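work-v8.cif, holding mmCIF, C-alpha atoms:
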```cif
data_query
#
loop_
_atom_site.label_atom_id
_atom_site.label_comp_id
_atom_site.auth_asym_id
_atom_site.auth_seq_id
_atom_site.Cartn_x
_atom_site.Cartn_y
_atom_site.Cartn_z
CA MET P 1263 0.00 0.00 0.00
CA GLU P 1264 1.17 3.50 -0.80
CA ALA P 1265 2.58 5.23 2.27
CA THR P 1266 0.79 8.24 3.70
CA VAL P 1267 2.74 11.45 3.23
CA ILE P 1268 2.32 13.73 6.26
CA ILE P 1269 3.62 17.28 6.18
CA ASP P 1270 3.47 19.37 9.36
CA LEU P 1271 3.24 23.15 9.11
CA PRO P 1272 3.55 24.57 12.65
CA ASP P 1273 2.48 28.13 13.47
CA THR P 1274 1.40 28.81 9.91
CA SER P 1275 -1.29 30.52 7.83
CA THR P 1276 -3.87 29.32 5.33
CA ARG P 1277 -1.86 31.05 2.60
CA GLU P 1278 1.17 28.92 3.38
CA ILE P 1279 -0.96 25.77 3.56
CA SER P 1280 -2.53 26.55 0.19
CA LYS P 1281 0.90 27.13 -1.36
CA LYS P 1282 2.11 23.81 0.04
CA LEU P 1283 -0.91 21.97 -1.41
CA VAL P 1284 -0.12 23.37 -4.86
CA GLN P 1285 3.54 22.39 -4.50
CA ILE P 1286 2.63 18.83 -3.46
CA ARG P 1287 0.33 18.41 -6.46
CA GLU P 1288 2.92 19.81 -8.87
CA ASP P 1289 5.75 17.69 -7.45
CA ALA P 1290 3.64 14.52 -7.61
CA GLY P 1291 1.93 15.37 -10.89
CA LEU P 1292 -1.48 15.23 -9.23
CA SER P 1293 -4.68 17.05 -10.14
CA THR P 1294 -7.79 18.12 -8.25
CA ILE P 1295 -10.01 17.35 -11.26
CA GLY P 1296 -11.03 13.98 -9.81
CA ARG P 1297 -12.22 15.53 -6.55
CA VAL P 1298 -16.01 15.54 -6.46
CA LEU P 1299 -16.53 17.63 -3.31
CA THR P 1300 -14.96 19.33 -0.32
CA LEU P 1301 -15.79 17.91 3.10
CA ILE P 1302 -15.22 20.11 6.14
CA VAL P 1303 -15.09 18.43 9.55
CA LEU P 1304 -15.58 20.72 12.55
CA THR P 1305 -14.62 19.34 15.93
CA ASP P 1306 -13.62 20.62 19.37
CA HIS P 1307 -12.01 17.38 20.44
CA VAL P 1308 -8.36 16.70 19.67
CA ARG P 1309 -8.65 13.18 21.10
CA GLY P 1310 -11.68 12.31 18.98
CA SER P 1311 -10.47 14.09 15.85
CA GLU P 1312 -8.47 11.10 14.58
CA THR P 1313 -11.59 8.93 14.67
CA ALA P 1314 -13.42 11.54 12.59
CA ILE P 1315 -10.51 11.79 10.16
CA GLU P 1316 -10.46 8.01 9.73
CA ALA P 1317 -14.19 7.99 8.96
CA ALA P 1318 -13.79 10.82 6.44
CA ASN P 1319 -10.85 9.04 4.80
CA GLU P 1320 -12.87 5.84 4.46
CA ALA P 1321 -15.87 7.70 3.04
CA SER P 1322 -13.56 9.44 0.56
CA ARG P 1323 -12.85 6.10 -1.13
CA GLU P 1324 -16.40 6.35 -2.50
CA HIS P 1325 -16.33 10.15 -2.83
CA PRO P 1326 -12.85 11.46 -3.77
CA CYS P 1327 -12.61 14.81 -2.05
CA ARG P 1328 -10.56 17.32 -0.14
CA VAL P 1329 -11.12 16.90 3.59
CA ILE P 1330 -10.51 19.95 5.76
CA VAL P 1331 -10.54 19.20 9.48
CA VAL P 1332 -10.80 22.15 11.84
CA ILE P 1333 -9.92 21.29 15.44
CA ARG P 1334 -11.07 24.23 17.55
CA GLY P 1335 -8.83 24.47 20.60
CA ASN P 1336 -8.63 26.57 23.75
CA ARG P 1337 -9.82 30.10 23.10
CA ALA P 1338 -7.96 31.36 26.17
CA ARG P 1339 -4.56 30.49 24.70
CA ALA P 1340 -2.46 32.51 22.28
CA ASP P 1341 -3.67 32.89 18.72
CA ARG P 1342 -2.16 30.08 16.70
CA LEU P 1343 -2.77 27.91 13.65
CA ASP P 1344 -0.90 24.64 13.17
CA GLY P 1345 -1.46 22.88 9.87
CA GLN P 1346 -0.93 19.36 8.63
CA ILE P 1347 -1.38 17.89 5.14
CA ARG P 1348 -1.89 14.16 4.52
CA VAL P 1349 -1.99 12.54 1.09
CA GLY P 1350 -1.84 8.94 -0.12
CA GLY P 1351 -2.10 5.70 1.84
CA ASP P 1352 -4.42 6.02 4.83
CA ALA P 1353 -5.72 9.33 3.51
CA GLY P 1354 -7.93 7.32 1.14
CA ALA P 1355 -9.00 9.14 -2.01
CA ALA P 1356 -8.67 12.48 -0.25
CA GLU P 1357 -6.27 15.28 0.42
CA VAL P 1358 -6.58 15.82 4.15
CA VAL P 1359 -5.81 19.23 5.62
CA VAL P 1360 -5.85 19.40 9.41
CA LEU P 1361 -6.08 22.84 11.04
CA ARG P 1362 -5.43 22.97 14.78
CA THR P 1363 -6.46 26.32 16.20
CA SER P 1364 -6.30 28.22 19.48
CA GLY P 1365 -7.09 31.71 20.71
CA ALA P 1366 -9.07 33.91 18.33
CA MET P 1367 -8.28 31.44 15.52
CA ALA P 1368 -10.63 28.94 17.16
CA SER P 1369 -13.58 31.20 16.29
CA GLN P 1370 -12.58 31.80 12.67
CA SER P 1371 -13.41 28.47 11.02
CA ALA P 1372 -15.14 30.01 8.00
CA SER P 1373 -12.31 32.41 7.16
CA LEU P 1374 -9.74 29.63 7.64
CA VAL P 1375 -11.39 27.09 5.33
CA THR P 1376 -12.50 29.45 2.55
CA PRO P 1377 -9.04 29.81 0.92
CA LEU P 1378 -8.71 26.00 0.90
CA LEU P 1379 -11.99 25.11 -0.81
CA LEU P 1380 -11.85 23.36 -4.17
CA PRO P 1381 -13.35 25.52 -6.92
CA ASP P 1382 -16.54 24.41 -8.69
CA THR P 1383 -17.25 21.49 -6.35
CA PRO P 1384 -20.07 21.14 -3.80
CA LEU P 1385 -19.29 21.58 -0.13
CA ALA P 1386 -20.45 19.41 2.75
CA VAL P 1387 -19.80 20.05 6.43
CA TRP P 1388 -19.89 17.48 9.23
CA TRP P 1389 -20.01 18.11 12.96
CA PRO P 1390 -19.09 14.77 14.66
CA ARG P 1391 -20.32 16.25 17.99
CA HIS P 1392 -21.47 19.54 19.51
CA SER P 1393 -23.29 20.84 16.45
CA PRO P 1394 -24.84 24.32 16.48
CA THR P 1395 -28.59 24.72 16.90
CA LEU P 1396 -29.10 26.36 13.51
CA LEU P 1397 -26.82 24.58 11.08
CA SER P 1398 -27.72 26.81 8.15
CA GLU P 1399 -26.89 29.94 10.17
CA ASP P 1400 -23.45 28.73 11.20
CA LYS P 1401 -20.72 30.62 9.33
CA VAL P 1402 -19.40 27.41 7.77
CA GLY P 1403 -22.86 25.87 7.45
CA ARG P 1404 -23.90 28.78 5.23
CA LEU P 1405 -21.28 27.75 2.69
CA ALA P 1406 -22.44 24.14 2.47
CA ARG P 1407 -25.05 22.34 0.42
CA ARG P 1408 -25.06 19.42 2.84
CA ARG P 1409 -24.87 19.87 6.62
CA ILE P 1410 -24.32 16.63 8.53
CA VAL P 1411 -24.60 15.95 12.27
CA ASP P 1412 -24.69 12.80 14.41
CA SER P 1413 -27.43 13.05 17.02
CA ASP P 1414 -26.51 9.61 18.38
CA ALA P 1415 -23.07 10.98 19.34
CA GLU P 1416 -24.44 13.89 21.32
CA GLY P 1417 -24.67 13.77 25.11
CA HIS P 1418 -28.49 13.68 25.02
CA PRO P 1419 -29.59 12.24 21.65
CA THR P 1420 -33.31 12.84 22.21
CA ASP P 1421 -32.68 16.50 23.01
CA ALA P 1422 -30.33 16.72 20.03
CA LEU P 1423 -33.10 15.45 17.76
CA ALA P 1424 -35.52 18.05 19.12
CA LYS P 1425 -32.86 20.70 18.41
CA ARG P 1426 -32.49 19.44 14.86
CA ALA P 1427 -36.27 19.58 14.31
CA ALA P 1428 -36.56 23.10 15.70
CA GLY P 1429 -33.71 24.44 13.57
CA TYR P 1430 -34.14 22.37 10.41
CA SER P 1431 -33.29 23.81 7.00
CA PRO P 1432 -33.21 22.02 3.62
CA GLY P 1433 -29.80 20.38 3.25
CA ASP P 1434 -29.56 19.31 6.91
CA THR P 1435 -29.15 15.60 7.62
CA ASP P 1436 -28.06 13.22 10.37
CA LEU P 1437 -25.93 10.07 10.53
CA ALA P 1438 -28.59 8.71 12.89
CA TRP P 1439 -30.90 8.70 9.86
CA ALA P 1440 -28.45 6.69 7.76
CA ARG P 1441 -28.19 4.10 10.54
CA VAL P 1442 -31.81 3.03 9.94
CA THR P 1443 -31.68 2.86 6.13
CA HIS P 1444 -31.72 -0.94 6.10
CA TRP P 1445 -34.50 -1.10 8.68
CA ARG P 1446 -36.60 1.27 6.56
CA SER P 1447 -35.94 -0.80 3.43
CA LEU P 1448 -36.92 -3.99 5.23
CA LEU P 1449 -40.13 -2.48 6.59
CA ALA P 1450 -41.09 -1.00 3.22
CA ALA P 1451 -40.51 -4.35 1.48
CA THR P 1452 -42.58 -6.17 4.11
CA LEU P 1453 -45.50 -3.75 3.77
CA ASP P 1454 -45.43 -4.17 -0.02
CA ARG P 1455 -46.64 -7.74 0.42
CA PRO P 1456 -50.33 -8.70 0.72
CA PRO P 1457 -52.56 -8.39 2.61
CA PHE P 1458 -52.58 -4.63 2.11
CA GLU P 1459 -54.23 -3.66 5.36
CA THR P 1460 -54.20 -0.42 7.30
CA ILE P 1461 -51.62 -0.34 10.07
CA THR P 1462 -53.51 0.49 13.25
CA GLY P 1463 -50.63 0.52 15.72
CA ALA P 1464 -46.85 0.80 15.67
CA THR P 1465 -44.09 0.46 18.25
CA VAL P 1466 -40.35 0.94 17.87
CA CYS P 1467 -38.01 -0.41 20.52
CA GLY P 1468 -34.33 0.14 21.18
CA PRO P 1469 -31.84 1.69 23.60
CA GLU P 1470 -33.12 4.67 25.56
CA ARG P 1471 -30.54 7.07 24.16
CA ALA P 1472 -30.75 6.32 20.44
CA ALA P 1473 -31.77 9.09 18.07
CA SER P 1474 -31.75 6.58 15.21
CA VAL P 1475 -34.60 4.64 16.85
CA ASP P 1476 -36.55 7.87 17.42
CA LEU P 1477 -36.05 8.85 13.78
CA ALA P 1478 -37.30 5.44 12.66
CA GLY P 1479 -40.40 6.11 14.73
CA GLY P 1480 -40.80 9.55 13.15
CA TRP P 1481 -40.49 8.00 9.70
CA LEU P 1482 -43.22 5.47 10.50
CA ALA P 1483 -45.44 8.22 11.90
CA SER P 1484 -44.99 10.27 8.71
CA ARG P 1485 -45.69 7.30 6.43
CA LEU P 1486 -48.56 5.74 8.38
CA GLY P 1487 -50.22 8.90 9.71
CA ILE P 1488 -50.42 7.55 13.26
CA ASP P 1489 -48.65 8.10 16.59
CA VAL P 1490 -45.86 5.59 17.21
CA HIS P 1491 -45.05 4.12 20.62
CA ARG P 1492 -41.42 4.10 21.70
CA ALA P 1493 -40.23 1.39 24.12
CA VAL P 1494 -36.81 0.73 25.67
CA GLY P 1495 -35.30 -2.71 25.08
CA PRO P 1496 -33.97 -4.87 22.21
CA ARG P 1497 -34.11 -3.29 18.76
CA MET P 1498 -37.50 -4.17 17.36
CA VAL P 1499 -40.43 -2.86 15.33
CA VAL P 1500 -44.00 -4.08 15.87
CA LEU P 1501 -46.83 -3.17 13.48
CA GLU P 1502 -50.44 -4.09 14.17
CA ARG P 1503 -53.16 -4.69 11.58
CA ALA P 1504 -56.49 -6.53 11.39
CA SER P 1505 -54.96 -9.89 10.43
CA GLY P 1506 -52.31 -9.76 13.17
CA SER P 1507 -48.87 -8.33 13.74
CA ILE P 1508 -45.62 -7.80 11.89
CA VAL P 1509 -42.55 -8.01 14.11
CA ILE P 1510 -38.96 -7.38 13.07
CA GLU P 1511 -36.53 -8.07 15.91
CA GLN P 1512 -32.76 -7.83 15.79
CA VAL P 1513 -31.37 -11.11 17.12
CA SER P 1514 -27.67 -10.57 16.40
CA PRO P 1515 -25.48 -7.70 15.18
CA THR P 1516 -25.98 -8.89 11.59
CA SER P 1517 -29.43 -10.48 11.50
CA ALA P 1518 -33.06 -9.95 12.41
CA GLU P 1519 -36.08 -12.22 12.67
CA LEU P 1520 -39.23 -11.37 10.74
CA ARG P 1521 -42.44 -12.71 12.31
CA ILE P 1522 -45.78 -12.23 10.57
CA THR P 1523 -48.98 -13.67 12.00
CA GLY P 1524 -49.88 -16.80 10.08
CA HIS P 1525 -46.40 -17.30 8.62
CA SER P 1526 -43.25 -19.08 9.77
CA PRO P 1527 -40.51 -16.81 11.16
CA THR P 1528 -37.71 -15.95 8.74
CA ARG P 1529 -34.21 -14.57 9.20
CA VAL P 1530 -33.07 -11.50 7.32
CA THR P 1531 -29.61 -10.00 7.06
CA LEU P 1532 -28.75 -6.67 8.67
CA VAL P 1533 -25.60 -4.80 7.73
CA LYS P 1534 -23.77 -3.31 10.69
CA ARG P 1535 -22.97 0.22 9.64
CA SER P 1536 -19.90 2.16 10.67
CA VAL P 1537 -19.72 5.95 10.95
CA ALA P 1538 -17.82 5.92 7.64
CA ASP P 1539 -20.61 3.93 5.96
CA CYS P 1540 -23.23 6.38 7.19
CA LEU P 1541 -21.12 9.37 6.18
CA ALA P 1542 -20.58 7.95 2.70
CA GLU P 1543 -24.33 7.48 2.31
CA GLU P 1544 -25.07 11.07 3.28
CA LEU P 1545 -22.46 12.35 0.82
CA ARG P 1546 -24.14 10.57 -2.10
CA ARG P 1547 -26.66 13.36 -2.45
CA MET P 1548 -26.26 17.10 -2.23
CA ASP P 1549 -29.97 17.90 -2.57
CA THR P 1550 -32.62 18.03 0.13
CA ASP P 1551 -33.74 14.72 1.65
CA GLY P 1552 -37.49 15.26 1.97
CA VAL P 1553 -38.09 11.87 3.61
CA TYR P 1554 -35.65 12.73 6.41
CA ALA P 1555 -37.36 16.12 6.79
CA ASP P 1556 -40.74 14.38 7.19
CA ALA P 1557 -39.33 11.93 9.75
CA LEU P 1558 -37.78 14.78 11.72
CA ALA P 1559 -40.99 16.82 11.60
CA ASN P 1560 -42.93 13.84 13.01
CA HIS P 1561 -40.49 12.92 15.78
CA ASP P 1562 -42.90 14.47 18.31
CA ARG P 1563 -45.45 11.79 17.36
CA VAL P 1564 -43.12 9.18 18.87
CA ILE P 1565 -44.52 8.60 22.38
CA TYR P 1566 -42.39 6.90 25.02
CA THR P 1567 -44.15 4.05 26.82
CA SER P 1568 -43.24 1.65 29.61
CA ALA P 1569 -45.31 -1.17 28.08
CA SER P 1570 -43.54 -4.33 26.96
CA VAL P 1571 -43.45 -5.09 23.25
CA ARG P 1572 -43.07 -8.83 23.71
#
```
If you took the structure in this file and wrote it as structure tokens, what would it be?
Amino acid sequence: MEATVIIDLPDTSTREISKKLVQIREDAGLSTIGRVLTLIVLTDHVRGSETAIEAANEASREHPCRVIVVIRGNRARADRLDGQIRVGGDAGAAEVVVLRTSGAMASQSASLVTPLLLPDTPLAVWWPRHSPTLLSEDKVGRLARRRIVDSDAEGHPTDALAKRAAGYSPGDTDLAWARVTHWRSLLAATLDRPPFETITGATVCGPERAASVDLAGGWLASRLGIDVHRAVGPRMVVLERASGSIVIEQVSPTSAELRITGHSPTRVTLVKRSVADCLAEELRRMDTDGVYADALANHDRVIYTSASVR
């Protein structure tokens, strides 16, 4: 495997970083033509930044891009910008630019990234944690077509989801939404089979702090036009109709059991999705995801209950 080239630029400026990027491309005979987007990662956590960079690198194998990671440091320290450029090897199909900031620099993300953006390519921004309330009003968020958060990674995922609903703008999305893509596909395929009866009740079950489960409930509420009960326990969906119930229960990390009244249980495959998988999915489209918007708008129709779903 090609080795990763890492170039450190301590106490630098975006002008110097930009000049170094041009030099690297010229020396290696590289071009930015194959880059399909710019991905900006905004994080306050130095310790967790490598995990975010790894996810972005992995996602870049599907979406060749320039990744700009802004690590916002201590605002009480001296003004400083330390840069790092990574290309090749573990950097995936991306040029990775890491900006470590402190002092006033920590509040200047938009002005720092602007000189480094690829021309004529769409821009996406991802907050791995601690996202602003109004993504579209954030100085970097205003530049982006796609604004990505991860409500499951927040300290209080249910509150984070309420924040996302209150401040939603077209172009916003959530990795918690991508985590239930396969569940939604499985449910849609199941409901496409006869008998085509009205669903009279629905329950989603999963861990207490799981925005992805709440979003699945919001999606069901938006599609079925009914309130959805939310229980705490094993990951499961229960739908009620006149002829009986439809139950999909996760029985292992990679499989679920489908039980329909009057039919023998069957096993179906579930794909365990990493952060990189979810990020890659959300980068496949730069337009508005209306289905996510509907699920988010209906999250308040997901009613927590203490009743057992078994």
Which residues of range 1366-1455 of chain P come within 10 Å of range 1310-1318 of chain P, and what is each one's closest atom pair and distance in Å (one decimal), counting all atoms listed in the file, sorted by chain and residue number, as a tab-separated table?
```
residue	atom	partner	partner_atom	distance
P:Trp1388	CA	P:Ala1314	CA	9.4
P:Trp1389	CA	P:Ala1314	CA	9.3
P:Pro1390	CA	P:Ala1314	CA	6.8
P:Arg1391	CA	P:Gly1310	CA	9.5
```
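Compared by their closest atoms to Ala1478 in chain P, and using only C-alpha atoms, the residues P:Ser1371, P:Val1530, P:Thr1300, P:Trp1445 rank with P:Trp1445 nearest.
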Just checking: using only C-alpha atoms, which residue out of P:Thr1383, P:Ser1322, P:Ser1373, P:Thr1443 ends up closest to Val1402 in chain P?
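Closest candidate: P:Ser1373.
If all atoms listed in the file are the atoms counted, then among P:Gly1417, P:Gly1429, P:Gly1351, P:Pro1326 the closest residue to Ala1555 in chain P is P:Gly1429.
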Between P:Arg1337, P:Arg1535, P:Arg1362, P:His1392, which is the closest to Trp1439 in chain P once you count only C-alpha atoms?
P:Arg1535
Counting all atoms listed in the file, what are the residues of range 1396-1482 of chain P within 12 Å of range 1520-1528 of chain P, and for each of them which pair of atoms is the nearest and at what distance in Å, to one decimal? Sort the table by chain and rising number, as a Markdown table.
```
| residue | atom | partner | partner_atom | distance |
| --- | --- | --- | --- | --- |
| P:Trp1445 | CA | P:Leu1520 | CA | 11.5 |
| P:Leu1448 | CA | P:Leu1520 | CA | 9.5 |
| P:Leu1449 | CA | P:Leu1520 | CA | 9.9 |
| P:Ala1451 | CA | P:Leu1520 | CA | 11.7 |
| P:Thr1452 | CA | P:Leu1520 | CA | 9.1 |
| P:Leu1453 | CA | P:Ile1522 | CA | 10.9 |
| P:Arg1455 | CA | P:Ile1522 | CA | 11.1 |
| P:Pro1456 | CA | P:Ile1522 | CA | 11.4 |
| P:Pro1457 | CA | P:Ile1522 | CA | 11.1 |
```
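Compared by their closest atoms to Leu1482 in chain P, and using only C-alpha atoms, the residues P:Gly1495, P:Pro1394, P:Gly1463, P:Gly1468 rank with P:Gly1463 nearest.
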Using all atoms listed in the file, the shortest atom-to-atom distance to Ile1279 in chain P among P:Pro1432, P:Gly1354, P:Gly1552, P:Gly1345 belongs to P:Gly1345
For a test of reading the model, state the distance in Å between CA of Asn1319 in chain P and CA of Gln1370 in chain P, rounded to one decimal.
24.1 Å
Give me, please, the distance in Å between CA of Ser1431 in chain P and CA of Ala1473 in chain P, quoted to one decimal.
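It comes out at 18.5 Å.
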Given the file above and the PyMOL selection byres ((chain P and resi 1515-1517) around 10), which residues are selected, and can you give them as a ChimeraX atom specification?
/P:1511-1514,1518-1520,1529-1535
Selection export as a CSV table (one decimal), in the frame of the given file, atoms kept: C-alpha atoms:
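Saved to selection_24.csv:
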```
chain,number,residue,atom,x,y,z
P,1511,GLU,CA,-36.5,-8.1,15.9
P,1512,GLN,CA,-32.8,-7.8,15.8
P,1513,VAL,CA,-31.4,-11.1,17.1
P,1514,SER,CA,-27.7,-10.6,16.4
P,1518,ALA,CA,-33.1,-10.0,12.4
P,1519,GLU,CA,-36.1,-12.2,12.7
P,1520,LEU,CA,-39.2,-11.4,10.7
P,1529,ARG,CA,-34.2,-14.6,9.2
P,1530,VAL,CA,-33.1,-11.5,7.3
P,1531,THR,CA,-29.6,-10.0,7.1
P,1532,LEU,CA,-28.8,-6.7,8.7
P,1533,VAL,CA,-25.6,-4.8,7.7
P,1534,LYS,CA,-23.8,-3.3,10.7
P,1535,ARG,CA,-23.0,0.2,9.6
```
One decimal, in Å: what's the spacing between CA of Val1387 in chain P and CA of Glu1543 in chain P?
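About the pair CA of Val1387 in chain P and CA of Glu1543 in chain P: they are 14.0 Å apart.
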When the PyMOL selection byres ((chain P and resi 1433) around 8) is applied to the structure above, which residues does it catch, written out as a PyMOL selection string?
chain P and resi 1407-1409+1431-1432+1434-1435+1548-1551
Taking 2 positions as the minimum chain separation for residues in the same chain, which residues sit within 6 Å of Ala1464 in chain P when counting only C-alpha atoms? Answer as a list in words.
Val1490, Val1500 and Leu1501 of chain P
